[in-house]
$ cat final-v6.cif   # mmCIF, C-alpha atoms
data_start
#
loop_
_atom_site.label_atom_id
_atom_site.label_comp_id
_atom_site.auth_asym_id
_atom_site.auth_seq_id
_atom_site.Cartn_x
_atom_site.Cartn_y
_atom_site.Cartn_z
CA MET A 603 26.37 -9.71 49.16
CA LYS A 604 24.54 -12.46 47.33
CA LEU A 605 21.20 -10.81 48.06
CA HIS A 606 22.54 -7.55 46.60
CA ASP A 607 23.69 -9.36 43.43
CA ALA A 608 20.33 -11.07 43.10
CA MET A 609 18.48 -7.76 43.48
CA CYS A 610 20.70 -6.15 40.85
CA ALA A 611 20.07 -9.05 38.49
CA VAL A 612 16.29 -8.78 39.00
CA LEU A 613 16.31 -5.01 38.47
CA LEU A 614 18.46 -5.37 35.37
CA GLY A 615 16.10 -8.06 34.04
CA LEU A 616 13.07 -5.87 34.65
CA ALA A 617 14.71 -2.89 32.96
CA LEU A 618 15.67 -4.91 29.90
CA GLY A 619 12.26 -6.57 29.82
CA SER A 620 10.45 -3.25 29.82
CA MET A 621 12.56 -2.01 26.93
CA SER A 622 11.76 -5.09 24.86
CA ILE A 623 8.04 -4.73 25.69
CA GLU A 624 8.11 -1.14 24.43
CA SER A 625 9.94 -2.31 21.32
CA CYS A 626 7.35 -5.02 20.74
CA ALA A 627 4.56 -2.49 21.20
CA ASP A 628 6.13 -0.21 18.57
CA ASP A 629 6.60 -3.13 16.19
CA TRP A 630 3.00 -4.21 16.74
CA ALA A 631 1.72 -0.68 16.10
CA ASN A 632 3.72 -0.51 12.86
CA TYR A 633 2.50 -3.94 11.79
CA ALA A 634 -1.13 -3.10 12.59
CA GLY A 635 -0.85 0.15 10.64
CA ASP A 636 0.76 -1.56 7.64
CA VAL A 637 -1.80 -4.35 7.39
CA GLY A 638 -4.64 -1.88 7.94
CA ASP A 639 -3.34 0.30 5.12
CA LYS A 640 -2.96 -2.72 2.85
CA PHE A 641 -6.49 -3.95 3.60
CA GLY A 642 -8.00 -0.51 2.99
CA ARG A 643 -5.98 -0.05 -0.20
CA GLY A 644 -7.11 -3.47 -1.38
CA LEU A 645 -10.77 -2.73 -0.74
CA ALA A 646 -10.53 0.63 -2.48
CA ASN A 647 -8.74 -0.75 -5.52
CA ALA A 648 -10.93 -3.86 -5.84
CA SER A 649 -14.15 -1.86 -5.64
CA LEU A 650 -13.06 1.20 -7.63
CA GLY A 651 -10.95 -0.46 -10.30
CA TRP A 652 -13.57 0.48 -12.89
CA VAL A 653 -12.51 4.14 -12.54
CA GLU A 654 -9.43 3.19 -14.58
CA MET A 655 -11.68 3.17 -17.69
CA VAL A 656 -12.55 6.81 -17.11
CA LYS A 657 -8.95 7.59 -16.28
CA GLY A 658 -7.72 5.91 -19.49
CA VAL A 659 -10.13 7.91 -21.64
CA GLY A 660 -9.13 11.14 -19.92
CA ILE A 661 -5.41 10.50 -20.32
CA ALA A 662 -5.78 9.56 -23.98
CA ALA A 663 -7.92 12.60 -24.76
CA SER A 664 -5.68 15.08 -22.97
CA HIS A 665 -2.32 13.71 -24.09
CA ASP A 666 -3.05 12.41 -27.59
CA GLY A 667 -6.28 14.11 -28.67
CA PRO A 668 -9.90 13.08 -29.09
CA ALA A 669 -9.10 10.60 -31.87
CA PHE A 670 -7.39 8.37 -29.29
CA ILE A 671 -10.38 8.09 -26.92
CA PRO A 672 -11.25 4.53 -28.10
CA PHE A 673 -7.64 3.48 -27.55
CA GLY A 674 -7.76 5.04 -24.07
CA PHE A 675 -10.94 3.12 -23.31
CA VAL A 676 -9.28 -0.18 -24.25
CA LYS A 677 -6.21 0.65 -22.15
CA GLY A 678 -8.54 1.65 -19.34
CA LEU A 679 -10.23 -1.75 -19.51
CA GLY A 680 -6.85 -3.43 -19.11
CA HIS A 681 -5.96 -1.21 -16.17
CA THR A 682 -9.39 -1.90 -14.67
CA LEU A 683 -8.58 -5.59 -14.65
CA GLY A 684 -5.09 -4.95 -13.27
CA ARG A 685 -6.19 -2.64 -10.47
CA THR A 686 -9.16 -4.80 -9.48
CA LEU A 687 -7.01 -7.94 -9.33
CA SER A 688 -4.23 -6.19 -7.42
CA GLY A 689 -6.85 -4.92 -4.96
CA ALA A 690 -8.27 -8.42 -4.52
CA PHE A 691 -4.72 -9.72 -3.97
CA ASP A 692 -4.13 -7.07 -1.29
CA VAL A 693 -7.38 -7.98 0.48
CA VAL A 694 -6.56 -11.70 0.49
CA THR A 695 -2.94 -11.24 1.60
CA PHE A 696 -3.40 -8.27 3.95
CA PRO A 697 -1.82 -10.04 6.98
CA ILE A 698 1.49 -9.97 5.08
CA PRO A 699 2.52 -6.30 4.79
CA THR A 700 3.97 -5.50 1.36
CA ALA A 701 4.41 -2.47 -0.83
CA PRO A 702 1.56 -1.62 -3.23
CA LEU A 703 1.40 -3.54 -6.49
CA SER A 704 0.25 -0.49 -8.44
CA ASP A 705 1.69 2.99 -8.82
CA PRO A 706 -0.11 5.22 -7.95
CA ALA A 707 -1.33 3.20 -4.97
CA TYR A 708 -4.92 4.42 -5.33
CA VAL A 709 -6.84 5.12 -8.52
CA TRP A 710 -7.52 8.74 -7.47
CA ASP A 711 -3.84 9.56 -6.85
CA ARG A 712 -2.22 11.41 -9.75
CA PHE A 713 -5.24 10.97 -12.00
CA ASP A 714 -3.32 12.26 -15.01
CA GLN A 715 -0.66 9.54 -14.80
CA GLU A 716 -1.04 6.09 -16.30
CA THR A 717 -0.97 3.23 -13.80
CA GLN A 718 2.05 0.95 -13.60
CA TYR A 719 2.27 -2.42 -11.87
CA GLY A 720 4.98 -4.15 -9.85
CA TYR A 721 6.53 -3.61 -6.43
CA PHE A 722 7.62 -0.02 -5.83
CA GLU A 723 9.94 1.38 -3.20
CA ALA A 724 8.33 3.51 -0.54
CA ALA A 725 10.51 6.48 -1.53
CA LYS A 726 9.18 6.42 -5.08
CA ARG A 727 5.57 6.10 -3.90
CA ARG A 728 3.44 9.13 -3.23
CA SER A 729 0.17 8.24 -1.58
CA SER A 730 -2.75 10.46 -0.71
CA LYS A 731 -2.25 10.26 3.06
#

$ encode --input "final-v6.cif" --output "structure tokens"
Amino acid sequence: MKLHDAMCAVLLGLALGSMSIESCADDWANYAGDVGDKFGRGLANASLGWVEMVKGVGIAASHDGPAFIPFGFVKGLGHTLGRTLSGAFDVVTFPIPTAPLSDPAYVWDRFDQETQYGYFEAAKRRSSK
């Protein structure tokens, strides 16, 4: 009977071990995807932050009229700095998965909407995936 109990214990251990290995594999896949997304988002935002100048001019011209183009350019310069720095931050800290610092997450998402900064819930975020 002791051999039977030992075999049951070994089989139970193997069954539980395989479930935790699958769970770890799923967690690892999620982690790898999250840090990969963050690194890619960081590279895109750090290298394309200058597009915020164009975006600022376009938003000012379409919403407020051509007289506000200089104001849009100045706002665009500020957003260029913000997006470039948030992209650099994402590149440096990519091993720590976090939500995007900017909304929209990429400069080309919702090009007619002004960029906002801070941590945003995933439900409120709409990315271009």

$ closest_residue --input "final-v6.cif" --among "A:Trp652, A:Phe641, A:Trp710, A:Phe670" --to "Ile698 of chain A" --atoms "only C-alpha atoms"
A:Phe641

$ resolve_selection --input "final-v6.cif" --expression "the PyMOL selection byres ((chain A and resi 640) around 12)" --output "MDAnalysis selection string"
chainID A and resid 633:639 641:648 688:704 707:708

$ write_last_selection --input "final-v6.cif" --atoms "C-alpha atoms" --output "tab-separated table (two decimals), in the frame of the given file"
chain	number	residue	atom	x	y	z
A	633	TYR	CA	2.50	-3.94	11.79
A	634	ALA	CA	-1.13	-3.10	12.59
A	635	GLY	CA	-0.85	0.15	10.64
A	636	ASP	CA	0.76	-1.56	7.64
A	637	VAL	CA	-1.80	-4.35	7.39
A	638	GLY	CA	-4.64	-1.88	7.94
A	639	ASP	CA	-3.34	0.30	5.12
A	641	PHE	CA	-6.49	-3.95	3.60
A	642	GLY	CA	-8.00	-0.51	2.99
A	643	ARG	CA	-5.98	-0.05	-0.20
A	644	GLY	CA	-7.11	-3.47	-1.38
A	645	LEU	CA	-10.77	-2.73	-0.74
A	646	ALA	CA	-10.53	0.63	-2.48
A	647	ASN	CA	-8.74	-0.75	-5.52
A	648	ALA	CA	-10.93	-3.86	-5.84
A	688	SER	CA	-4.23	-6.19	-7.42
A	689	GLY	CA	-6.85	-4.92	-4.96
A	690	ALA	CA	-8.27	-8.42	-4.52
A	691	PHE	CA	-4.72	-9.72	-3.97
A	692	ASP	CA	-4.13	-7.07	-1.29
A	693	VAL	CA	-7.38	-7.98	0.48
A	694	VAL	CA	-6.56	-11.70	0.49
A	695	THR	CA	-2.94	-11.24	1.60
A	696	PHE	CA	-3.40	-8.27	3.95
A	697	PRO	CA	-1.82	-10.04	6.98
A	698	ILE	CA	1.49	-9.97	5.08
A	699	PRO	CA	2.52	-6.30	4.79
A	700	THR	CA	3.97	-5.50	1.36
A	701	ALA	CA	4.41	-2.47	-0.83
A	702	PRO	CA	1.56	-1.62	-3.23
A	703	LEU	CA	1.40	-3.54	-6.49
A	704	SER	CA	0.25	-0.49	-8.44
A	707	ALA	CA	-1.33	3.20	-4.97
A	708	TYR	CA	-4.92	4.42	-5.33

$ closest_residue --input "final-v6.cif" --among "A:Asn632, A:Leu605, A:Gly658, A:Pro706" --to "Gly680 of chain A" --atoms "all atoms listed in the file"
A:Gly658

$ residues_near_point --input "final-v6.cif" --point "(-7.4, 6.0, -20.7)" --cutoff "6 Å" --atoms "all atoms listed in the file" --output "MDAnalysis selection string"
chainID A and resid 655 657:662 674:675 677:678

$ write_last_selection --input "final-v6.cif" --atoms "C-alpha atoms" --output "short mmCIF file (atom, residue, chain, number, x, y, z; two decimals), keeping the file's coordinate frame"
data_model
loop_
_atom_site.label_atom_id
_atom_site.label_comp_id
_atom_site.auth_asym_id
_atom_site.auth_seq_id
_atom_site.Cartn_x
_atom_site.Cartn_y
_atom_site.Cartn_z
CA MET A 655 -11.68 3.17 -17.69
CA LYS A 657 -8.95 7.59 -16.28
CA GLY A 658 -7.72 5.91 -19.49
CA VAL A 659 -10.13 7.91 -21.64
CA GLY A 660 -9.13 11.14 -19.92
CA ILE A 661 -5.41 10.50 -20.32
CA ALA A 662 -5.78 9.56 -23.98
CA GLY A 674 -7.76 5.04 -24.07
CA PHE A 675 -10.94 3.12 -23.31
CA LYS A 677 -6.21 0.65 -22.15
CA GLY A 678 -8.54 1.65 -19.34
#

$ closest_residue --input "final-v6.cif" --among "A:Asp705, A:Glu716, A:Glu654, A:Asp711" --to "Thr686 of chain A" --atoms "only C-alpha atoms"
A:Glu654

$ atom_distance --input "final-v6.cif" --atom1 "atom CA of Leu687 of chain A" --atom2 "atom CA of Ser664 of chain A"
26.8 Å

$ atom_distance --input "final-v6.cif" --atom1 "atom CA of Asp666 of chain A" --atom2 "atom CA of Gly720 of chain A"
25.6 Å

$ atom_distance --input "final-v6.cif" --atom1 "atom CA of Arg712 of chain A" --atom2 "atom CA of Leu679 of chain A"
18.2 Å

$ closest_residue --input "final-v6.cif" --among "A:Val656, A:His606, A:His665, A:Pro672" --to "Val709 of chain A" --atoms "only C-alpha atoms"
A:Val656

$ decode --input "final-v6.cif" --residues "segment 673-725 of chain A" --atoms "C-alpha atoms" --output "JSON list (two decimals), in the first residue's frame"
[["chain", "number", "residue", "atom", "x", "y", "z"],
["A", 673, "PHE", "CA", -0.06, 79.07, -31.02],
["A", 674, "GLY", "CA", -0.44, 75.50, -32.31],
["A", 675, "PHE", "CA", 3.22, 75.43, -33.26],
["A", 676, "VAL", "CA", 4.25, 76.47, -29.74],
["A", 677, "LYS", "CA", 1.95, 73.86, -28.20],
["A", 678, "GLY", "CA", 3.35, 71.33, -30.65],
["A", 679, "LEU", "CA", 6.87, 72.12, -29.47],
["A", 680, "GLY", "CA", 5.82, 71.40, -25.90],
["A", 681, "HIS", "CA", 4.18, 68.14, -26.91],
["A", 682, "THR", "CA", 7.29, 67.26, -28.93],
["A", 683, "LEU", "CA", 9.34, 67.51, -25.77],
["A", 684, "GLY", "CA", 6.76, 65.57, -23.76],
["A", 685, "ARG", "CA", 6.39, 62.73, -26.26],
["A", 686, "THR", "CA", 10.13, 62.44, -26.90],
["A", 687, "LEU", "CA", 10.90, 62.30, -23.18],
["A", 688, "SER", "CA", 8.11, 59.82, -22.48],
["A", 689, "GLY", "CA", 9.46, 57.66, -25.32],
["A", 690, "ALA", "CA", 12.98, 57.82, -23.90],
["A", 691, "PHE", "CA", 11.57, 56.89, -20.48],
["A", 692, "ASP", "CA", 9.78, 53.88, -21.99],
["A", 693, "VAL", "CA", 12.98, 52.72, -23.73],
["A", 694, "VAL", "CA", 15.04, 53.00, -20.54],
["A", 695, "THR", "CA", 12.44, 51.31, -18.32],
["A", 696, "PHE", "CA", 11.09, 48.74, -20.80],
["A", 697, "PRO", "CA", 11.81, 45.72, -18.54],
["A", 698, "ILE", "CA", 9.16, 47.08, -16.15],
["A", 699, "PRO", "CA", 5.81, 46.82, -17.97],
["A", 700, "THR", "CA", 3.63, 49.88, -17.39],
["A", 701, "ALA", "CA", 0.79, 51.64, -19.12],
["A", 702, "PRO", "CA", 1.69, 54.34, -21.68],
["A", 703, "LEU", "CA", 2.57, 57.77, -20.34],
["A", 704, "SER", "CA", 0.83, 59.54, -23.23],
["A", 705, "ASP", "CA", -2.67, 59.31, -24.62],
["A", 706, "PRO", "CA", -2.86, 58.49, -27.50],
["A", 707, "ALA", "CA", -0.06, 55.96, -27.04],
["A", 708, "TYR", "CA", 1.47, 56.72, -30.46],
["A", 709, "VAL", "CA", 1.70, 60.07, -32.22],
["A", 710, "TRP", "CA", -0.20, 58.75, -35.26],
["A", 711, "ASP", "CA", -3.18, 57.50, -33.23],
["A", 712, "ARG", "CA", -6.13, 59.91, -33.27],
["A", 713, "PHE", "CA", -4.16, 62.61, -35.04],
["A", 714, "ASP", "CA", -6.93, 65.14, -34.49],
["A", 715, "GLN", "CA", -6.79, 64.83, -30.68],
["A", 716, "GLU", "CA", -4.36, 66.74, -28.50],
["A", 717, "THR", "CA", -1.94, 64.58, -26.53],
["A", 718, "GLN", "CA", -2.35, 64.17, -22.78],
["A", 719, "TYR", "CA", 0.19, 62.80, -20.33],
["A", 720, "GLY", "CA", -0.06, 60.60, -17.25],
["A", 721, "TYR", "CA", -0.88, 56.94, -16.63],
["A", 722, "PHE", "CA", -4.05, 55.81, -18.38],
["A", 723, "GLU", "CA", -6.15, 52.72, -17.79],
["A", 724, "ALA", "CA", -6.07, 50.12, -20.52],
["A", 725, "ALA", "CA", -9.85, 50.44, -21.00]]
